[in-house]
file work-v4.json (JSON, C-alpha atoms)
[["chain", "number", "residue", "atom", "x", "y", "z"],
["A", 1, "MET", "CA", 0.00, 0.00, 0.00],
["A", 2, "THR", "CA", 1.31, 3.45, -0.92],
["A", 3, "ARG", "CA", -0.22, 6.85, -0.23],
["A", 4, "ASN", "CA", -0.83, 7.16, -3.97],
["A", 5, "SER", "CA", -2.77, 3.90, -4.25],
["A", 6, "LYS", "CA", -6.35, 3.27, -3.27],
["A", 7, "PRO", "CA", -6.92, 2.07, 0.30],
["A", 8, "ARG", "CA", -8.92, -1.11, 0.77],
["A", 9, "TYR", "CA", -11.62, 0.78, 2.67],
["A", 10, "GLN", "CA", -12.64, 4.42, 2.32],
["A", 11, "GLY", "CA", -15.70, 6.65, 2.35],
["A", 12, "ILE", "CA", -18.37, 6.63, 5.02],
["A", 13, "PHE", "CA", -18.60, 3.78, 7.53],
["A", 14, "PRO", "CA", -21.23, 4.88, 10.07],
["A", 15, "VAL", "CA", -21.75, 3.24, 13.45],
["A", 16, "VAL", "CA", -24.76, 0.92, 13.71],
["A", 17, "PRO", "CA", -26.74, 1.65, 16.89],
["A", 18, "THR", "CA", -27.74, -1.33, 19.02],
["A", 19, "THR", "CA", -31.51, -1.62, 19.21],
["A", 20, "PHE", "CA", -33.32, -2.67, 22.38],
["A", 21, "THR", "CA", -36.91, -3.27, 23.43],
["A", 22, "GLU", "CA", -38.56, -1.11, 26.09],
["A", 23, "THR", "CA", -37.54, -3.71, 28.67],
["A", 24, "GLY", "CA", -33.90, -3.68, 27.56],
["A", 25, "GLU", "CA", -33.70, -6.87, 25.51],
["A", 26, "LEU", "CA", -31.99, -7.03, 22.13],
["A", 27, "ASP", "CA", -34.39, -6.27, 19.27],
["A", 28, "LEU", "CA", -32.86, -8.18, 16.39],
["A", 29, "ALA", "CA", -35.69, -7.43, 13.95],
["A", 30, "SER", "CA", -35.09, -3.69, 14.38],
["A", 31, "GLN", "CA", -31.35, -4.33, 14.24],
["A", 32, "LYS", "CA", -31.67, -5.83, 10.77],
["A", 33, "ARG", "CA", -33.89, -2.99, 9.60],
["A", 34, "ALA", "CA", -31.36, -0.44, 10.84],
["A", 35, "ILE", "CA", -28.65, -2.22, 8.85],
["A", 36, "ASP", "CA", -30.78, -2.30, 5.70],
["A", 37, "PHE", "CA", -31.60, 1.39, 6.03],
["A", 38, "MET", "CA", -27.95, 2.34, 6.52],
["A", 39, "ILE", "CA", -26.92, 0.43, 3.42],
["A", 40, "ASP", "CA", -29.77, 1.94, 1.40],
["A", 41, "ALA", "CA", -28.69, 5.41, 2.60],
["A", 42, "GLY", "CA", -25.35, 5.04, 0.85],
["A", 43, "SER", "CA", -22.96, 3.70, 3.48],
["A", 44, "ASP", "CA", -19.73, 2.36, 2.02],
["A", 45, "GLY", "CA", -19.47, 0.06, 5.04],
["A", 46, "LEU", "CA", -20.66, -0.27, 8.62],
["A", 47, "CYS", "CA", -19.17, -0.43, 12.09],
["A", 48, "ILE", "CA", -20.78, -2.42, 14.89],
["A", 49, "LEU", "CA", -20.25, -2.62, 18.66],
["A", 50, "ALA", "CA", -18.66, 0.84, 18.89],
["A", 51, "ASN", "CA", -19.20, 3.23, 21.79],
["A", 52, "PHE", "CA", -22.10, 4.77, 19.85],
["A", 53, "SER", "CA", -23.48, 1.21, 19.70],
["A", 54, "GLU", "CA", -23.57, 1.26, 23.53],
["A", 55, "GLN", "CA", -21.05, -1.59, 23.51],
["A", 56, "PHE", "CA", -20.29, -0.95, 27.19],
["A", 57, "SER", "CA", -23.79, -2.10, 28.15],
["A", 58, "LEU", "CA", -23.60, -5.44, 26.32],
["A", 59, "SER", "CA", -22.70, -8.84, 27.70],
["A", 60, "ASP", "CA", -20.17, -11.05, 25.93],
["A", 61, "ASP", "CA", -22.97, -13.37, 24.82],
["A", 62, "GLU", "CA", -24.88, -10.43, 23.35],
["A", 63, "ARG", "CA", -21.78, -9.25, 21.50],
["A", 64, "GLU", "CA", -21.58, -12.69, 19.91],
["A", 65, "VAL", "CA", -25.24, -12.59, 18.89],
["A", 66, "LEU", "CA", -24.98, -9.07, 17.48],
["A", 67, "THR", "CA", -21.81, -9.79, 15.53],
["A", 68, "ARG", "CA", -23.23, -12.92, 13.99],
["A", 69, "THR", "CA", -26.60, -11.30, 13.27],
["A", 70, "ALA", "CA", -25.05, -8.25, 11.62],
["A", 71, "LEU", "CA", -22.52, -10.10, 9.50],
["A", 72, "GLU", "CA", -25.01, -12.72, 8.36],
["A", 73, "HIS", "CA", -27.63, -10.09, 7.53],
["A", 74, "VAL", "CA", -25.20, -7.82, 5.68],
["A", 75, "ALA", "CA", -24.15, -10.93, 3.73],
["A", 76, "GLY", "CA", -21.26, -9.21, 2.01],
["A", 77, "ARG", "CA", -23.22, -6.22, 0.71],
["A", 78, "VAL", "CA", -20.73, -3.87, 2.37],
["A", 79, "PRO", "CA", -17.64, -4.45, 4.54],
["A", 80, "VAL", "CA", -18.21, -4.45, 8.29],
["A", 81, "ILE", "CA", -15.81, -3.20, 10.96],
["A", 82, "VAL", "CA", -16.24, -4.90, 14.35],
["A", 83, "THR", "CA", -15.12, -3.07, 17.48],
["A", 84, "THR", "CA", -13.22, -5.47, 19.72],
["A", 85, "SER", "CA", -11.78, -3.12, 22.36],
["A", 86, "HIS", "CA", -10.94, -4.57, 25.78],
["A", 87, "TYR", "CA", -8.38, -3.78, 28.44],
["A", 88, "GLY", "CA", -7.04, -7.33, 28.39],
["A", 89, "THR", "CA", -4.67, -8.17, 25.54],
["A", 90, "GLN", "CA", -5.74, -11.80, 25.38],
["A", 91, "VAL", "CA", -9.45, -10.97, 25.42],
["A", 92, "CYS", "CA", -9.04, -8.34, 22.68],
["A", 93, "ALA", "CA", -7.00, -10.74, 20.54],
["A", 94, "GLN", "CA", -9.61, -13.48, 20.98],
["A", 95, "ARG", "CA", -12.46, -11.10, 20.19],
["A", 96, "SER", "CA", -10.63, -9.91, 17.09],
["A", 97, "ARG", "CA", -9.97, -13.44, 15.84],
["A", 98, "ARG", "CA", -13.60, -14.36, 16.46],
["A", 99, "ALA", "CA", -14.77, -11.31, 14.51],
["A", 100, "GLN", "CA", -12.47, -12.21, 11.63],
["A", 101, "ASP", "CA", -13.72, -15.79, 11.61],
["A", 102, "MET", "CA", -17.32, -14.53, 11.36],
["A", 103, "GLY", "CA", -16.50, -12.30, 8.39],
["A", 104, "ALA", "CA", -15.36, -8.92, 9.72],
["A", 105, "ALA", "CA", -13.42, -6.80, 7.22],
["A", 106, "MET", "CA", -11.52, -4.94, 9.95],
["A", 107, "VAL", "CA", -11.45, -4.58, 13.73],
["A", 108, "MET", "CA", -11.46, -1.27, 15.58],
["A", 109, "VAL", "CA", -9.59, -1.17, 18.88],
["A", 110, "MET", "CA", -8.95, 1.48, 21.52],
["A", 111, "PRO", "CA", -5.70, 1.40, 23.49],
["A", 112, "PRO", "CA", -6.04, -0.53, 26.76],
["A", 113, "TYR", "CA", -7.61, 1.47, 29.58],
["A", 114, "HIS", "CA", -10.07, 1.03, 32.42],
["A", 115, "GLY", "CA", -12.10, 3.66, 34.19],
["A", 116, "ALA", "CA", -10.68, 7.11, 34.80],
["A", 117, "THR", "CA", -7.21, 6.17, 35.97],
["A", 118, "PHE", "CA", -6.04, 2.74, 34.81],
["A", 119, "ARG", "CA", -3.60, 3.30, 31.93],
["A", 120, "VAL", "CA", -0.56, 1.47, 30.61],
["A", 121, "PRO", "CA", 2.70, 2.92, 29.20],
["A", 122, "GLU", "CA", 3.73, 2.90, 25.54],
["A", 123, "PRO", "CA", 5.76, -0.35, 25.60],
["A", 124, "GLN", "CA", 2.68, -2.27, 26.82],
["A", 125, "ILE", "CA", 0.42, -0.52, 24.31],
["A", 126, "TYR", "CA", 2.84, -1.49, 21.54],
["A", 127, "GLU", "CA", 2.88, -5.11, 22.74],
["A", 128, "PHE", "CA", -0.91, -5.08, 23.05],
["A", 129, "PHE", "CA", -1.38, -4.15, 19.40],
["A", 130, "THR", "CA", 1.40, -6.51, 18.32],
["A", 131, "ARG", "CA", -0.34, -9.47, 19.92],
["A", 132, "VAL", "CA", -3.73, -8.50, 18.49],
["A", 133, "SER", "CA", -2.13, -8.17, 15.05],
["A", 134, "ASP", "CA", -0.50, -11.57, 15.38],
["A", 135, "ALA", "CA", -3.91, -13.13, 16.05],
["A", 136, "ILE", "CA", -5.58, -11.92, 12.84],
["A", 137, "ASP", "CA", -5.10, -11.36, 9.11],
["A", 138, "ILE", "CA", -7.35, -8.30, 8.69],
["A", 139, "PRO", "CA", -6.58, -4.61, 9.31],
["A", 140, "ILE", "CA", -6.68, -3.00, 12.73],
["A", 141, "MET", "CA", -8.08, 0.51, 13.10],
["A", 142, "ILE", "CA", -6.71, 2.24, 16.17],
["A", 143, "GLN", "CA", -9.39, 4.46, 17.69],
["A", 144, "ASP", "CA", -7.71, 7.54, 19.14],
["A", 145, "ALA", "CA", -10.52, 8.94, 21.28],
["A", 146, "PRO", "CA", -10.71, 10.98, 24.50],
["A", 147, "ALA", "CA", -12.66, 8.19, 26.20],
["A", 148, "ALA", "CA", -9.46, 6.17, 26.56],
["A", 149, "GLY", "CA", -7.63, 9.01, 28.26],
["A", 150, "THR", "CA", -4.45, 7.72, 26.62],
["A", 151, "VAL", "CA", -2.09, 10.03, 24.79],
["A", 152, "LEU", "CA", -1.10, 8.50, 21.47],
["A", 153, "SER", "CA", 1.43, 10.75, 19.75],
["A", 154, "PRO", "CA", 1.60, 10.85, 15.94],
["A", 155, "ALA", "CA", 5.16, 9.51, 16.18],
["A", 156, "PHE", "CA", 4.05, 6.52, 18.26],
["A", 157, "LEU", "CA", 1.07, 5.79, 16.01],
["A", 158, "ALA", "CA", 3.29, 6.04, 12.91],
["A", 159, "ARG", "CA", 5.83, 3.69, 14.47],
["A", 160, "MET", "CA", 3.13, 1.09, 15.14],
["A", 161, "ALA", "CA", 1.87, 1.44, 11.57],
["A", 162, "ARG", "CA", 5.36, 0.84, 10.20],
["A", 163, "GLU", "CA", 6.27, -2.04, 12.52],
["A", 164, "ILE", "CA", 3.01, -3.91, 13.36],
["A", 165, "GLU", "CA", 1.63, -5.77, 10.37],
["A", 166, "GLN", "CA", -2.12, -5.19, 10.65],
["A", 167, "VAL", "CA", -2.07, -1.69, 12.16],
["A", 168, "SER", "CA", -2.93, 0.48, 9.17],
["A", 169, "TYR", "CA", -6.09, 2.50, 9.89],
["A", 170, "PHE", "CA", -6.57, 5.31, 12.41],
["A", 171, "LYS", "CA", -9.75, 7.05, 13.54],
["A", 172, "MET", "CA", -8.80, 10.42, 14.96],
["A", 173, "GLU", "CA", -11.22, 11.91, 17.50],
["A", 174, "THR", "CA", -8.97, 13.90, 19.82],
["A", 175, "ALA", "CA", -8.74, 17.69, 19.90],
["A", 176, "GLY", "CA", -6.87, 19.07, 16.92],
["A", 177, "ALA", "CA", -7.66, 15.98, 14.88],
["A", 178, "ALA", "CA", -6.72, 17.53, 11.53],
["A", 179, "THR", "CA", -3.29, 18.60, 12.73],
["A", 180, "LYS", "CA", -2.70, 15.15, 14.18],
["A", 181, "LEU", "CA", -3.79, 13.48, 10.94],
["A", 182, "ARG", "CA", -1.38, 15.60, 8.92],
["A", 183, "GLU", "CA", 1.50, 14.73, 11.22],
["A", 184, "LEU", "CA", 0.58, 11.04, 11.23],
["A", 185, "ILE", "CA", 0.52, 10.95, 7.43],
["A", 186, "ARG", "CA", 3.82, 12.83, 7.24],
["A", 187, "LEU", "CA", 5.57, 10.50, 9.68],
["A", 188, "GLY", "CA", 3.96, 7.24, 8.64],
["A", 189, "GLY", "CA", 4.02, 7.60, 4.87],
["A", 190, "ASP", "CA", 2.97, 4.47, 3.02],
["A", 191, "ALA", "CA", 2.16, 2.64, 6.27],
["A", 192, "ILE", "CA", -0.85, 4.90, 6.91],
["A", 193, "GLU", "CA", -3.39, 3.23, 4.66],
["A", 194, "GLY", "CA", -6.48, 4.74, 6.25],
["A", 195, "PRO", "CA", -6.37, 8.07, 8.08],
["A", 196, "TRP", "CA", -9.99, 8.56, 9.14],
["A", 197, "ASP", "CA", -12.26, 11.21, 10.58],
["A", 198, "GLY", "CA", -14.59, 10.40, 13.48],
["A", 199, "GLU", "CA", -16.64, 12.05, 16.22],
["A", 200, "GLU", "CA", -19.89, 12.32, 14.25],
["A", 201, "ALA", "CA", -18.22, 14.32, 11.43],
["A", 202, "ILE", "CA", -17.99, 17.49, 13.55],
["A", 203, "THR", "CA", -14.45, 17.99, 12.18],
["A", 204, "LEU", "CA", -15.09, 16.36, 8.79],
["A", 205, "LEU", "CA", -14.13, 19.18, 6.45],
["A", 206, "ALA", "CA", -10.90, 19.97, 8.31],
["A", 207, "ASP", "CA", -10.02, 16.27, 8.46],
["A", 208, "LEU", "CA", -10.67, 15.78, 4.74],
["A", 209, "ASP", "CA", -8.40, 18.74, 4.01],
["A", 210, "ALA", "CA", -5.77, 17.07, 6.21],
["A", 211, "GLY", "CA", -5.87, 13.89, 4.14],
["A", 212, "ALA", "CA", -8.60, 11.75, 5.71],
["A", 213, "THR", "CA", -9.87, 9.09, 3.31],
["A", 214, "GLY", "CA", -12.71, 7.78, 5.46],
["A", 215, "SER", "CA", -15.17, 8.92, 8.08],
["A", 216, "MET", "CA", -16.94, 7.03, 10.85],
["A", 217, "THR", "CA", -20.07, 8.95, 11.81],
["A", 218, "GLY", "CA", -23.36, 8.37, 13.55],
["A", 219, "GLY", "CA", -25.72, 6.06, 11.72],
["A", 220, "ALA", "CA", -28.76, 8.19, 10.93],
["A", 221, "PHE", "CA", -27.89, 10.25, 7.86],
["A", 222, "PRO", "CA", -25.09, 8.80, 5.71],
["A", 223, "ASP", "CA", -27.04, 10.11, 2.71],
["A", 224, "GLY", "CA", -26.24, 13.63, 3.94],
["A", 225, "ILE", "CA", -22.57, 13.09, 4.72],
["A", 226, "ARG", "CA", -21.52, 10.92, 1.78],
["A", 227, "PRO", "CA", -22.01, 13.72, -0.80],
["A", 228, "ILE", "CA", -19.70, 15.97, 1.25],
["A", 229, "ILE", "CA", -16.94, 13.37, 1.09],
["A", 230, "GLU", "CA", -17.58, 12.72, -2.61],
["A", 231, "ALA", "CA", -17.37, 16.40, -3.53],
["A", 232, "HIS", "CA", -14.12, 16.79, -1.62],
["A", 233, "THR", "CA", -12.65, 13.62, -3.15],
["A", 234, "GLN", "CA", -13.59, 14.84, -6.63],
["A", 235, "GLY", "CA", -11.70, 18.08, -6.11],
["A", 236, "GLN", "CA", -14.73, 20.32, -5.61],
["A", 237, "PRO", "CA", -13.99, 22.12, -2.32],
["A", 238, "ASP", "CA", -16.65, 24.80, -2.77],
["A", 239, "LEU", "CA", -19.34, 22.17, -3.27],
["A", 240, "ALA", "CA", -18.04, 20.18, -0.29],
["A", 241, "PHE", "CA", -18.19, 23.35, 1.83],
["A", 242, "GLU", "CA", -21.72, 24.13, 0.67],
["A", 243, "ARG", "CA", -22.93, 20.61, 1.47],
["A", 244, "TYR", "CA", -21.16, 20.56, 4.82],
["A", 245, "GLN", "CA", -22.63, 23.93, 5.72],
["A", 246, "ARG", "CA", -26.12, 22.60, 4.99],
["A", 247, "TRP", "CA", -25.78, 19.51, 7.20],
["A", 248, "LEU", "CA", -23.71, 21.04, 9.98],
["A", 249, "PRO", "CA", -26.67, 21.93, 12.26],
["A", 250, "LEU", "CA", -27.68, 18.27, 12.37],
["A", 251, "ILE", "CA", -24.09, 17.05, 12.74],
["A", 252, "ASN", "CA", -23.58, 19.54, 15.57],
["A", 253, "HIS", "CA", -26.80, 18.55, 17.33],
["A", 254, "GLU", "CA", -25.77, 14.91, 17.33],
["A", 255, "ASN", "CA", -22.24, 15.66, 18.49],
["A", 256, "ARG", "CA", -23.08, 18.19, 21.20],
["A", 257, "GLN", "CA", -26.69, 17.53, 22.24],
["A", 258, "GLY", "CA", -28.27, 14.18, 21.39],
["A", 259, "GLY", "CA", -25.13, 12.07, 21.42],
["A", 260, "ILE", "CA", -25.41, 8.30, 21.42],
["A", 261, "LEU", "CA", -29.22, 8.37, 21.27],
["A", 262, "THR", "CA", -29.47, 10.57, 18.16],
["A", 263, "ALA", "CA", -29.44, 7.84, 15.52],
["A", 264, "LYS", "CA", -32.06, 5.76, 17.30],
["A", 265, "ALA", "CA", -34.35, 8.77, 17.84],
["A", 266, "LEU", "CA", -34.25, 9.56, 14.12],
["A", 267, "MET", "CA", -34.68, 5.91, 13.16],
["A", 268, "LYS", "CA", -37.68, 5.59, 15.46],
["A", 269, "GLU", "CA", -39.19, 8.80, 14.08],
["A", 270, "GLY", "CA", -38.89, 7.41, 10.55],
["A", 271, "GLY", "CA", -40.23, 3.95, 11.34],
["A", 272, "VAL", "CA", -36.91, 2.17, 10.84],
["A", 273, "ILE", "CA", -36.82, 0.70, 14.36],
["A", 274, "ALA", "CA", -39.51, -0.09, 16.89],
["A", 275, "CYS", "CA", -37.95, 1.46, 20.00],
["A", 276, "GLU", "CA", -35.31, 4.14, 20.60],
["A", 277, "ALA", "CA", -34.64, 3.27, 24.24],
["A", 278, "SER", "CA", -31.16, 2.90, 25.63],
["A", 279, "ARG", "CA", -30.25, 0.60, 28.47],
["A", 280, "HIS", "CA", -30.33, 1.68, 32.07],
["A", 281, "PRO", "CA", -28.51, 3.59, 33.55],
["A", 282, "LEU", "CA", -28.11, 5.75, 30.43],
["A", 283, "PRO", "CA", -30.88, 8.37, 30.72],
["A", 284, "PRO", "CA", -33.24, 9.03, 27.81],
["A", 285, "MET", "CA", -32.82, 12.06, 25.60],
["A", 286, "HIS", "CA", -34.52, 15.16, 27.00],
["A", 287, "PRO", "CA", -37.83, 15.72, 25.18],
["A", 288, "ASP", "CA", -36.84, 19.25, 24.12],
["A", 289, "THR", "CA", -33.50, 18.02, 22.78],
["A", 290, "ARG", "CA", -35.37, 15.37, 20.81],
["A", 291, "ARG", "CA", -37.89, 17.91, 19.51],
["A", 292, "GLN", "CA", -35.07, 20.16, 18.31],
["A", 293, "LEU", "CA", -33.38, 17.17, 16.67],
["A", 294, "ILE", "CA", -36.45, 16.21, 14.70],
["A", 295, "ASP", "CA", -37.09, 19.84, 13.70],
["A", 296, "ILE", "CA", -33.56, 20.21, 12.32],
["A", 297, "ALA", "CA", -33.79, 16.86, 10.52],
["A", 298, "ARG", "CA", -37.13, 17.70, 8.89],
["A", 299, "ARG", "CA", -35.59, 20.79, 7.32],
["A", 300, "LEU", "CA", -33.02, 18.54, 5.64],
["A", 301, "ASP", "CA", -35.32, 15.59, 4.85],
["A", 302, "PRO", "CA", -32.83, 12.73, 5.26],
["A", 303, "LEU", "CA", -33.86, 9.27, 4.13],
["A", 304, "VAL", "CA", -34.14, 8.08, 7.73],
["A", 305, "LEU", "CA", -37.37, 10.08, 8.24],
["A", 306, "HIS", "CA", -39.28, 8.22, 5.54],
["A", 307, "TRP", "CA", -37.41, 4.97, 4.82],
["A", 308, "GLY", "CA", -39.68, 2.95, 7.11],
["A", 309, "ARG", "CA", -42.95, 4.74, 6.35]]
call {"tool": "encode", "arguments": {"input": "work-v4.json", "output": "structure tokens"}}
result
Amino acid sequence: MTRNSKPRYQGIFPVVPTTFTETGELDLASQKRAIDFMIDAGSDGLCILANFSEQFSLSDDEREVLTRTALEHVAGRVPVIVTTSHYGTQVCAQRSRRAQDMGAAMVMVMPPYHGATFRVPEPQIYEFFTRVSDAIDIPIMIQDAPAAGTVLSPAFLARMAREIEQVSYFKMETAGAATKLRELIRLGGDAIEGPWDGEEAITLLADLDAGATGSMTGGAFPDGIRPIIEAHTQGQPDLAFERYQRWLPLINHENRQGGILTAKALMKEGGVIACEASRHPLPPMHPDTRRQLIDIARRLDPLVLHWGR
């Protein structure tokens, strides 16, 4: 792979929300409908079991069910990234191998952390990703997000890309993401196959300008975000700006107001899923926040509001 050649995976790979019933059980029928909608809305691929999938509220058995259900239902229509993050190296490696065996195209992994204070130094992080890489034959995307509370310098990330076989994709969600992406690309060169944008596309335009080739967003309106990426990729910055400007109120509302529950609220409003509830103890979206969300979305008329009607 060289920076001048086409990466294996690029474009928009939104996060699939995990759908529950009102009593907190998995709703697999709604889960399949959410997947179908997201593919119909123009997703180049999907990501499951991410933080925006409420992965932290799922049991190991439920992770297995959701991975199998998603991969079997997608049935090769688009590539699927499976999040396999865990503090334990052995557990993460086993999860990653299991995801590969079930058909995952890539795994996404955060550096090892636990709670607010349990962190490990760089040599152990390096060994962690080395062992995960040794367990699989598909790419690893390192998720560089504030939730981990782990500083991953561009130099360290570039070193891992050069020296660890499967480490080749990076989702940048920390402050100053565009600057970090530029430095990562400069230092890593050909080893950086996939520099990606994240965090609900709130920094999308800056990240695309910095060299991002993919974006992992929320799952509700890929039909709005994909044309931004396409215009930028086709060398039409003014059109990309115009499209981004149009969708930014909704992107901002998801990133700063509705958060994790945004995609499910929009999917419920449009009849894609049966229930938008999260799992306790995550509180529901405030009714006024939800009302504002739907009002903004109706002005833009994304597919999600009428796909299931």
call {"tool": "closest_residue", "arguments": {"input": "work-v4.json", "among": "A:Ile296, A:Ala34, A:Leu205, A:Ala178", "to": "A:Leu239", "atoms": "all atoms listed in the file"}}
result
A:Leu205
call {"tool": "closest_residue", "arguments": {"input": "work-v4.json", "among": "A:Ile225, A:Ala161, A:Ala277, A:Met172", "to": "A:Leu300", "atoms": "all atoms listed in the file"}}
result
A:Ile225
call {"tool": "residues_around", "arguments": {"input": "work-v4.json", "residues": "A:Ile192", "least_positions_apart": "2", "cutoff": "9 Å", "atoms": "only C-alpha atoms", "output": "list in words"}}
result
Met1, Thr2, Arg3, Ala158, Ala161, Arg162, Val167, Ser168, Tyr169, Phe170, Leu184, Ile185, Leu187, Gly188, Gly189, Asp190, Gly194 and Pro195 of chain A
call {"tool": "axis_aligned_box", "arguments": {"input": "work-v4.json", "around": "stretch 119-126 of chain A", "padding_each_side": "3 Å", "output": "AutoDock Vina command-line options"}}
result
--center_x 1.1 --center_y 0.5 --center_z 26.7 --size_x 15.4 --size_y 11.6 --size_z 16.4
call {"tool": "residues_around", "arguments": {"input": "work-v4.json", "residues": "A:Asp137", "least_positions_apart": "4", "cutoff": "8 Å", "atoms": "all atoms listed in the file", "output": "compact mmCIF listing (two decimals) with C-alpha atoms, in the frame of the given file"}}
result
# COMPACT_ATOMS: atom_id res chain seq x y z
CA GLN A 100 -12.47 -12.21 11.63
CA SER A 133 -2.13 -8.17 15.05
CA GLN A 166 -2.12 -5.19 10.65
call {"tool": "closest_residue", "arguments": {"input": "work-v4.json", "among": "A:Thr83, A:Thr69, A:Ser278, A:Ser59", "to": "A:Met102", "atoms": "all atoms listed in the file"}}
result
A:Thr69
call {"tool": "atom_distance", "arguments": {"input": "work-v4.json", "atom1": "atom CA of A:Ile125", "atom2": "atom CA of A:Glu183"}}
result
20.1 Å
call {"tool": "residues_near_point", "arguments": {"input": "work-v4.json", "point": "(-7.7, 1.6, 16.2)", "cutoff": "10 Å", "atoms": "only C-alpha atoms", "output": "list of chain:residue names"}}
result
A:Thr83, A:Thr84, A:Ser85, A:Met106, A:Val107, A:Met108, A:Val109, A:Met110, A:Pro111, A:Phe129, A:Pro139, A:Ile140, A:Met141, A:Ile142, A:Gln143, A:Asp144, A:Ala145, A:Leu157, A:Val167, A:Ser168, A:Tyr169, A:Phe170, A:Lys171, A:Met172
call {"tool": "residues_around", "arguments": {"input": "work-v4.json", "residues": "stretch 22-29 of chain A", "least_positions_apart": "5", "cutoff": "12 Å", "atoms": "all atoms listed in the file", "output": "MDAnalysis selection string"}}
result
chainID A and resid 17 34:36 54 57:59 61:63 65:70 73 272:282 284
call {"tool": "atom_distance", "arguments": {"input": "work-v4.json", "atom1": "atom CA of A:Pro7", "atom2": "atom CA of A:Thr213"}}
result
8.2 Å
call {"tool": "atom_distance", "arguments": {"input": "work-v4.json", "atom1": "atom CA of A:Ser215", "atom2": "atom CA of A:Asp197"}}
result
4.5 Å
call {"tool": "decode", "arguments": {"input": "work-v4.json", "residues": "stretch 273-302 of chain A", "atoms": "C-alpha atoms", "output": "JSON list (two decimals), in the first residue's frame"}}
result
[["chain", "number", "residue", "atom", "x", "y", "z"],
["A", 273, "ILE", "CA", -36.82, 0.70, 14.36],
["A", 274, "ALA", "CA", -39.51, -0.09, 16.89],
["A", 275, "CYS", "CA", -37.95, 1.46, 20.00],
["A", 276, "GLU", "CA", -35.31, 4.14, 20.60],
["A", 277, "ALA", "CA", -34.64, 3.27, 24.24],
["A", 278, "SER", "CA", -31.16, 2.90, 25.63],
["A", 279, "ARG", "CA", -30.25, 0.60, 28.47],
["A", 280, "HIS", "CA", -30.33, 1.68, 32.07],
["A", 281, "PRO", "CA", -28.51, 3.59, 33.55],
["A", 282, "LEU", "CA", -28.11, 5.75, 30.43],
["A", 283, "PRO", "CA", -30.88, 8.37, 30.72],
["A", 284, "PRO", "CA", -33.24, 9.03, 27.81],
["A", 285, "MET", "CA", -32.82, 12.06, 25.60],
["A", 286, "HIS", "CA", -34.52, 15.16, 27.00],
["A", 287, "PRO", "CA", -37.83, 15.72, 25.18],
["A", 288, "ASP", "CA", -36.84, 19.25, 24.12],
["A", 289, "THR", "CA", -33.50, 18.02, 22.78],
["A", 290, "ARG", "CA", -35.37, 15.37, 20.81],
["A", 291, "ARG", "CA", -37.89, 17.91, 19.51],
["A", 292, "GLN", "CA", -35.07, 20.16, 18.31],
["A", 293, "LEU", "CA", -33.38, 17.17, 16.67],
["A", 294, "ILE", "CA", -36.45, 16.21, 14.70],
["A", 295, "ASP", "CA", -37.09, 19.84, 13.70],
["A", 296, "ILE", "CA", -33.56, 20.21, 12.32],
["A", 297, "ALA", "CA", -33.79, 16.86, 10.52],
["A", 298, "ARG", "CA", -37.13, 17.70, 8.89],
["A", 299, "ARG", "CA", -35.59, 20.79, 7.32],
["A", 300, "LEU", "CA", -33.02, 18.54, 5.64],
["A", 301, "ASP", "CA", -35.32, 15.59, 4.85],
["A", 302, "PRO", "CA", -32.83, 12.73, 5.26]]
